[in-house]
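Quick notes on the structure that follows.
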Amino acid sequence: MKIAVLGGDGFCGWPTVLHLSDQGHEIHIIDNLSRRWIDTELGVQSLTPMDSIQERCRIWKQETGKELHFHLLDLAREYERLRGWLSDHRPDAIIHFAEQRAAPYSMKSDRHKIYTVNNNVNATHNLLTAMVETGIDAHLVHLGTMGVYGYSSVGAPIPEGYLDIEIDTPDGKKAQEILYPTRPGSVYHMTKSLDQILFQFYAQNDGLRITDLHQGIVWGTHTEQTRRHEQLINRFDYDGDYGTVLNRFLIQAAIGYPLTVHGTGGQTRAFIHLQDSVRCIELALADAPRAGERVRIFNQMTETHRVRDLAELVAKMTGTEIAWLPNPRKEAAENDLVVENAQFLALGLNPTTLQEGLLDEVVEVARKYAHRIDRKRVPAVSAWTKDIAKRVETDPEGKRLKSAS
Ligand SMILES: NC(=O)c1ccc[n+]([C@@H]2O[C@H](COP(=O)([O-])OP(=O)(O)OC[C@H]3O[C@@H](n4cnc5c(N)ncnc54)[C@H](O)[C@@H]3O)[C@@H](O)[C@H]2O)c1
């Protein structure tokens, strides 16, 4: 297949590009490299040394003989070029990773909120309308997030996208299927909730074939392909804005930094290893909906964990202390989470679980590149409201440390 990978320079995009190229697909990366610019804005860098996208593509060709095509294009701001590209190249499938994906970054200031909404909603809508306009019949696979559902404890498992309900009508109860209600917990999650409505409309109005993957938090750094050469290494975010919880605990352990648990650590979240994430995309690609079908929604996660249990696991494994810090986010202190993921299991996903351990591998990568870590960038300091900002802990290692166990 000819596949366009939008956001193919990012943390999930790059290993997906290599995985699909390895399988013989013709891959076109479209990316505006905004993530690299955000590193510059924040004054941070990936833990792992990343080469330019052009250099990464050159190394892949050298190692495998397979060509990767890179196109520098902003989906949100260059509509005409996007439409022209689709019309010229007519891909069979499009994988859409190209959004600003950090909840803390989206909550930093009014400017960051506006940027996240403009970037994410316009990128998705430009893509959809360009697909209609060019008349291409590509299967669109989008990366959404489990976070659209919020984290209140409902008790019932979160279904894969849709909920059967009954409505009272004058003629009695009527059955209906609705999108499972969203309850976004940040501006970033809000944009992903809006994406869902855009997909519903274009599938129903124009018969676009769309799969929306509601992904859990991705952990790990390597996949089979990124291990093949030092310069194919994936990006790895550790900072308070872009680093995700389990990867952050692992790098904190590697550099002897207290594991930063927010609040009681009672938040339960869904997780998936990077290798499983790329495999899920392969499975979703092979199972495209037909024109006129509703948007196909998968919960792309393999397990759920409570944050304090993860911290305790990493603390035990590495002998690192835990710092219990005020929570910069506005969220439930404790929640349960039960998620259905039967569709991917039925398609053949064989989950990599935490217990089987790739945890050591991440700690090793972090130790190898520990000299690249700026300890001041480790705390999460982006607060969800002005009131919360007053109590955010900016220096877990300093005198103000409340308690450590
Ligand atoms: N990383 C996770 O744990 C996780 C979890 C759930 C869902 N997701 C979703 O998966 C997708 C990829 O996440 P990631 O961790 O790889 O993020 P990332 O920030 O590493 O990669 C996103 C890529 O998209 C590009 N991009 C952003 N806006 C663009 C635009 N307007 N035009 C062109 N390119 C643009 C960026 O330059 C970057 O290379 C995101 O949509 C995210 O919401 C990620």
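In the structure tokens, the first chain shown is A, the next is B, and so on; residue numbers restart at 1 for each chain, and ligands run from 1 in the order shown.
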
Spatial neighbours of A:Val307, max dist 12 Å, only C-alpha atoms, sep filter under 4 positions, as a PyMOL selection string = chain A and resi 217+244-249+259-271+311-314+322+324+333-336

Tell me, as a ChimeraX atom specification, which residues lie within 9 Å of A:Pro328, counting only C-alpha atoms; anything in the same chain fewer than 2 positions away does not count.
-> /A:104,262-263,325-326,330,380-385,388-389,391-393

Check which residues fall inside 6 Å of ligand 1 when counting only C-alpha atoms and all ligand atoms, and print them as a ChimeraX atom specification.
-> /A:7-13,31-35,73-76,97-101,119,123,143-145,215-218

Can you tell me, as a CSV table (one decimal) with N, CA and C atoms, in the first residue's frame, what residues are no more than 8 Å from A:Pro15 when counting only C-alpha atoms, ignoring any on the same chain fewer than 2 positions away?
```
chain,number,residue,atom,x,y,z
A,11,PHE,N,7.0,10.6,18.3
A,11,PHE,CA,7.3,9.5,19.2
A,11,PHE,C,6.6,8.2,18.7
A,12,CYS,N,5.3,8.3,18.4
A,12,CYS,CA,4.6,7.1,17.9
A,12,CYS,C,4.8,7.0,16.4
A,13,GLY,N,4.9,8.1,15.7
A,13,GLY,CA,4.9,8.1,14.2
A,13,GLY,C,6.1,7.4,13.6
A,17,VAL,N,6.3,4.3,11.1
A,17,VAL,CA,6.9,4.5,9.7
A,17,VAL,C,7.8,3.3,9.4
A,18,LEU,N,8.7,3.0,10.4
A,18,LEU,CA,9.7,1.9,10.1
A,18,LEU,C,9.0,0.6,10.1
A,19,HIS,N,8.1,0.3,11.0
A,19,HIS,CA,7.4,-0.9,11.0
A,19,HIS,C,6.7,-1.2,9.7
A,223,THR,N,11.4,-0.2,19.3
A,223,THR,CA,10.7,-1.2,18.6
A,223,THR,C,11.8,-2.1,17.9
A,225,GLN,N,12.5,-2.3,14.9
A,225,GLN,CA,13.2,-1.6,13.9
A,225,GLN,C,14.1,-0.4,14.4
A,226,THR,N,13.6,0.3,15.5
A,226,THR,CA,14.5,1.4,16.0
A,226,THR,C,15.7,0.8,16.6
A,234,ASN,N,14.4,6.2,18.6
A,234,ASN,CA,13.2,7.0,18.7
A,234,ASN,C,13.4,8.2,19.7
A,278,VAL,N,2.4,0.1,17.5
A,278,VAL,CA,2.6,0.0,16.1
A,278,VAL,C,1.9,-1.3,15.5
```

Give me the residues of stretch 194-284 of chain A that have any atom at most 12 Å from an atom of stretch 176-187 of chain A; for each, the nearest atom pair and the distance in Å, rounded to one decimal. Use only C-alpha atoms, sort by chain and number, and format it as a tab-separated table.
```
residue	atom	partner	partner_atom	distance
A:Leu194	CA	A:Thr182	CA	9.5
A:Asp195	CA	A:Thr182	CA	11.4
A:Gln196	CA	A:Leu179	CA	8.6
A:Ile197	CA	A:Leu179	CA	8.9
A:Phe199	CA	A:Leu179	CA	11.3
A:Gln200	CA	A:Leu179	CA	8.9
A:His214	CA	A:Thr182	CA	11.9
```

Pick out each residue of stretch 175-330 of chain A that DSSP on the backbone tags as strand (DSSP E or B); I need them as an MDAnalysis selection string.
-> chainID A and resid 175:179 209:215 217:219 259:262 266 268:273 296:300 303:306 322:325

With N, CA and C atoms kept, could you save the residues just selected as an mmCIF file, in the first residue's frame?
```cif
data_model
loop_
_atom_site.group_PDB
_atom_site.id
_atom_site.type_symbol
_atom_site.label_atom_id
_atom_site.label_comp_id
_atom_site.auth_asym_id
_atom_site.auth_seq_id
_atom_site.Cartn_x
_atom_site.Cartn_y
_atom_site.Cartn_z
ATOM 1 N N ALA A 175 -34.686 2.506 21.340
ATOM 2 C CA ALA A 175 -33.257 2.196 21.438
ATOM 3 C C ALA A 175 -32.460 3.076 20.480
ATOM 4 N N GLN A 176 -31.299 3.498 20.930
ATOM 5 C CA GLN A 176 -30.431 4.287 20.061
ATOM 6 C C GLN A 176 -28.973 4.005 20.396
ATOM 7 N N GLU A 177 -28.124 4.164 19.375
ATOM 8 C CA GLU A 177 -26.681 4.015 19.627
ATOM 9 C C GLU A 177 -26.056 5.405 19.525
ATOM 10 N N ILE A 178 -25.301 5.784 20.542
ATOM 11 C CA ILE A 178 -24.646 7.106 20.516
ATOM 12 C C ILE A 178 -23.145 6.923 20.732
ATOM 13 N N LEU A 179 -22.391 7.979 20.345
ATOM 14 C CA LEU A 179 -20.969 7.986 20.691
ATOM 15 C C LEU A 179 -20.888 8.011 22.209
ATOM 16 N N ARG A 209 -13.968 6.557 4.925
ATOM 17 C CA ARG A 209 -13.702 5.329 5.699
ATOM 18 C C ARG A 209 -12.689 5.671 6.790
ATOM 19 N N ILE A 210 -13.179 5.642 8.047
ATOM 20 C CA ILE A 210 -12.359 6.168 9.145
ATOM 21 C C ILE A 210 -12.294 5.178 10.309
ATOM 22 N N THR A 211 -11.080 5.020 10.845
ATOM 23 C CA THR A 211 -10.883 4.262 12.091
ATOM 24 C C THR A 211 -10.264 5.211 13.106
ATOM 25 N N ASP A 212 -10.842 5.274 14.296
ATOM 26 C CA ASP A 212 -10.329 6.155 15.354
ATOM 27 C C ASP A 212 -9.815 5.267 16.484
ATOM 28 N N LEU A 213 -8.525 5.392 16.771
ATOM 29 C CA LEU A 213 -7.911 4.539 17.789
ATOM 30 C C LEU A 213 -7.791 5.316 19.085
ATOM 31 N N HIS A 214 -8.524 4.892 20.096
ATOM 32 C CA HIS A 214 -8.465 5.589 21.387
ATOM 33 C C HIS A 214 -7.353 4.940 22.206
ATOM 34 N N GLN A 215 -6.202 5.592 22.124
ATOM 35 C CA GLN A 215 -4.982 4.975 22.643
ATOM 36 C C GLN A 215 -4.759 5.308 24.119
ATOM 37 N N ILE A 217 -1.814 5.437 27.396
ATOM 38 C CA ILE A 217 -0.501 6.083 27.516
ATOM 39 C C ILE A 217 0.566 5.120 26.995
ATOM 40 N N VAL A 218 1.383 5.604 26.080
ATOM 41 C CA VAL A 218 2.381 4.735 25.466
ATOM 42 C C VAL A 218 3.654 4.756 26.303
ATOM 43 N N TRP A 219 4.210 3.589 26.563
ATOM 44 C CA TRP A 219 5.475 3.528 27.289
ATOM 45 C C TRP A 219 6.478 2.704 26.489
ATOM 46 N N LEU A 259 10.656 9.888 42.511
ATOM 47 C CA LEU A 259 9.552 9.624 41.567
ATOM 48 C C LEU A 259 8.413 10.574 41.903
ATOM 49 N N THR A 260 8.015 11.401 40.939
ATOM 50 C CA THR A 260 7.070 12.486 41.212
ATOM 51 C C THR A 260 5.632 12.001 41.058
ATOM 52 N N VAL A 261 5.015 11.671 42.203
ATOM 53 C CA VAL A 261 3.605 11.251 42.201
ATOM 54 C C VAL A 261 2.751 12.466 42.551
ATOM 55 N N HIS A 262 1.733 12.728 41.748
ATOM 56 C CA HIS A 262 0.853 13.876 41.987
ATOM 57 C C HIS A 262 -0.352 13.465 42.818
ATOM 58 N N GLY A 266 -3.678 8.111 43.096
ATOM 59 C CA GLY A 266 -4.817 7.193 42.956
ATOM 60 C C GLY A 266 -5.417 7.198 41.556
ATOM 61 N N THR A 268 -6.046 6.055 37.975
ATOM 62 C CA THR A 268 -5.853 4.816 37.212
ATOM 63 C C THR A 268 -5.897 5.164 35.727
ATOM 64 N N ARG A 269 -4.914 4.674 34.982
ATOM 65 C CA ARG A 269 -4.802 5.022 33.573
ATOM 66 C C ARG A 269 -4.608 3.754 32.729
ATOM 67 N N ALA A 270 -4.878 3.897 31.422
ATOM 68 C CA ALA A 270 -4.701 2.786 30.489
ATOM 69 C C ALA A 270 -3.326 2.915 29.827
ATOM 70 N N PHE A 271 -2.658 1.785 29.608
ATOM 71 C CA PHE A 271 -1.295 1.797 29.051
ATOM 72 C C PHE A 271 -1.171 0.849 27.869
ATOM 73 N N ILE A 272 -0.164 1.141 27.041
ATOM 74 C CA ILE A 272 0.195 0.224 25.948
ATOM 75 C C ILE A 272 1.677 0.410 25.652
ATOM 76 N N HIS A 273 2.358 -0.687 25.370
ATOM 77 C CA HIS A 273 3.772 -0.574 24.998
ATOM 78 C C HIS A 273 3.881 -0.127 23.539
ATOM 79 N N ARG A 296 -15.141 3.367 12.748
ATOM 80 C CA ARG A 296 -14.764 2.214 13.561
ATOM 81 C C ARG A 296 -13.882 2.719 14.711
ATOM 82 N N ILE A 297 -14.233 2.384 15.930
ATOM 83 C CA ILE A 297 -13.479 2.883 17.094
ATOM 84 C C ILE A 297 -12.928 1.704 17.887
ATOM 85 N N PHE A 298 -11.624 1.766 18.153
ATOM 86 C CA PHE A 298 -10.962 0.734 18.969
ATOM 87 C C PHE A 298 -10.402 1.380 20.228
ATOM 88 N N ASN A 299 -10.441 0.681 21.339
ATOM 89 C CA ASN A 299 -9.668 1.095 22.509
ATOM 90 C C ASN A 299 -8.295 0.450 22.391
ATOM 91 N N GLN A 300 -7.296 1.293 22.101
ATOM 92 C CA GLN A 300 -5.939 0.781 21.846
ATOM 93 C C GLN A 300 -5.136 0.837 23.147
ATOM 94 N N GLU A 303 -3.505 -2.651 29.216
ATOM 95 C CA GLU A 303 -3.666 -2.866 30.659
ATOM 96 C C GLU A 303 -3.917 -1.532 31.360
ATOM 97 N N THR A 304 -4.473 -1.611 32.583
ATOM 98 C CA THR A 304 -4.663 -0.390 33.365
ATOM 99 C C THR A 304 -3.845 -0.512 34.650
ATOM 100 N N HIS A 305 -3.356 0.632 35.123
ATOM 101 C CA HIS A 305 -2.584 0.648 36.378
ATOM 102 C C HIS A 305 -2.874 1.922 37.139
ATOM 103 N N ARG A 306 -2.790 1.806 38.464
ATOM 104 C CA ARG A 306 -2.897 2.978 39.320
ATOM 105 C C ARG A 306 -1.504 3.607 39.417
ATOM 106 N N ILE A 322 10.055 7.986 46.628
ATOM 107 C CA ILE A 322 8.884 8.586 45.978
ATOM 108 C C ILE A 322 8.611 9.938 46.612
ATOM 109 N N ALA A 323 8.375 10.978 45.794
ATOM 110 C CA ALA A 323 7.974 12.292 46.321
ATOM 111 C C ALA A 323 6.485 12.475 46.050
ATOM 112 N N TRP A 324 5.735 12.745 47.108
ATOM 113 C CA TRP A 324 4.276 12.934 46.956
ATOM 114 C C TRP A 324 4.047 14.429 46.823
ATOM 115 N N LEU A 325 3.599 14.869 45.649
ATOM 116 C CA LEU A 325 3.539 16.306 45.351
ATOM 117 C C LEU A 325 2.102 16.762 45.116
#
```

Using DSSP on the backbone, list every residue of stretch 99-309 of chain A that comes out as helix (DSSP H, G or I), and give them as a count of residues only.
-> 84

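Contact shell of A:Leu347 at 10 Å (only C-alpha atoms; same-chain neighbours under 5 positions omitted): Cys280, Leu283, Ala284, Ala286, Asp287 and Ala342 of chain A.
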
For A:Arg375, work out the shell of residues within 10 Å, counting only C-alpha atoms and skipping chain neighbours fewer than 4 positions away, then give it as a PyMOL selection string.
-> chain A and resi 238-239+252+255+257+370+379+395+397

Print the selection's residues with N, CA and C atoms to a file, as a short mmCIF file (atom, residue, chain, number, x, y, z; two decimals), in the first residue's frame.
```cif
data_model
loop_
_atom_site.label_atom_id
_atom_site.label_comp_id
_atom_site.auth_asym_id
_atom_site.auth_seq_id
_atom_site.Cartn_x
_atom_site.Cartn_y
_atom_site.Cartn_z
N TYR A 238 11.09 13.33 28.49
CA TYR A 238 11.12 13.11 29.94
C TYR A 238 10.62 14.32 30.72
N ASP A 239 10.47 15.45 30.05
CA ASP A 239 10.18 16.72 30.74
C ASP A 239 8.75 16.74 31.28
N GLN A 252 13.43 8.97 35.93
CA GLN A 252 13.70 9.52 37.26
C GLN A 252 14.52 8.50 38.07
N ILE A 255 18.22 8.35 37.06
CA ILE A 255 19.11 9.45 37.46
C ILE A 255 19.00 9.75 38.96
N TYR A 257 16.37 10.59 40.78
CA TYR A 257 15.47 11.72 41.04
C TYR A 257 14.23 11.14 41.72
N ALA A 370 21.87 9.75 30.37
CA ALA A 370 21.55 10.57 31.55
C ALA A 370 22.21 11.95 31.48
N PRO A 379 10.28 18.38 36.86
CA PRO A 379 8.96 18.58 37.48
C PRO A 379 7.88 19.04 36.49
N ASP A 395 10.11 22.31 42.55
CA ASP A 395 11.43 21.78 42.85
C ASP A 395 11.35 20.60 43.83
N GLU A 397 13.20 18.30 44.41
CA GLU A 397 14.46 17.94 45.07
C GLU A 397 14.85 18.95 46.15
#
```

Write out as a PyMOL selection string which residues come within 12 Å of A:Asp92 when counting only C-alpha atoms, dropping same-chain ones fewer than 2 positions away.
-> chain A and resi 1-5+25-28+86-87+89-90+94-95+131+135-141+209+285-286+288

Selection: 8 Å around A:Gly207, only C-alpha atoms, excl. self and same-chain fewer than 3 positions, as a PDB file with C-alpha atoms, in the first residue's frame:
```pdb
ATOM      1  CA  TYR A 202     -17.612  13.067   7.337  1.00  0.00           C
ATOM      2  CA  ALA A 203     -18.228   9.313   7.573  1.00  0.00           C
ATOM      3  CA  GLN A 204     -21.972   9.906   7.486  1.00  0.00           C
ATOM      4  CA  ALA A 291     -17.800   3.474   2.710  1.00  0.00           C
ATOM      5  CA  GLY A 292     -21.048   4.338   4.486  1.00  0.00           C
ATOM      6  CA  GLU A 293     -20.117   2.413   7.646  1.00  0.00           C
TER       7      GLU A 293
END
```

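Comparing the minimum interatomic distances between A:Thr352 and each of A:Leu68, A:Ile59, A:Leu274, A:Ile167, counting only C-alpha atoms, we find that A:Leu274 sits nearest.
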
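The space separating atom CA of A:Ser277 from atom CA of A:Ala93 comes to 17.3 Å.
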
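You can rank A:Ile373, A:Ile29, A:Leu198, A:Val339 by their closest distance to A:Ala156 using only C-alpha atoms, and at the top of that list sits A:Val339.
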
Counting only C-alpha atoms, figure out which residue out of A:Leu127, A:Cys57, A:Ala253, A:Leu354 gets nearest to A:His229.
-> A:Cys57
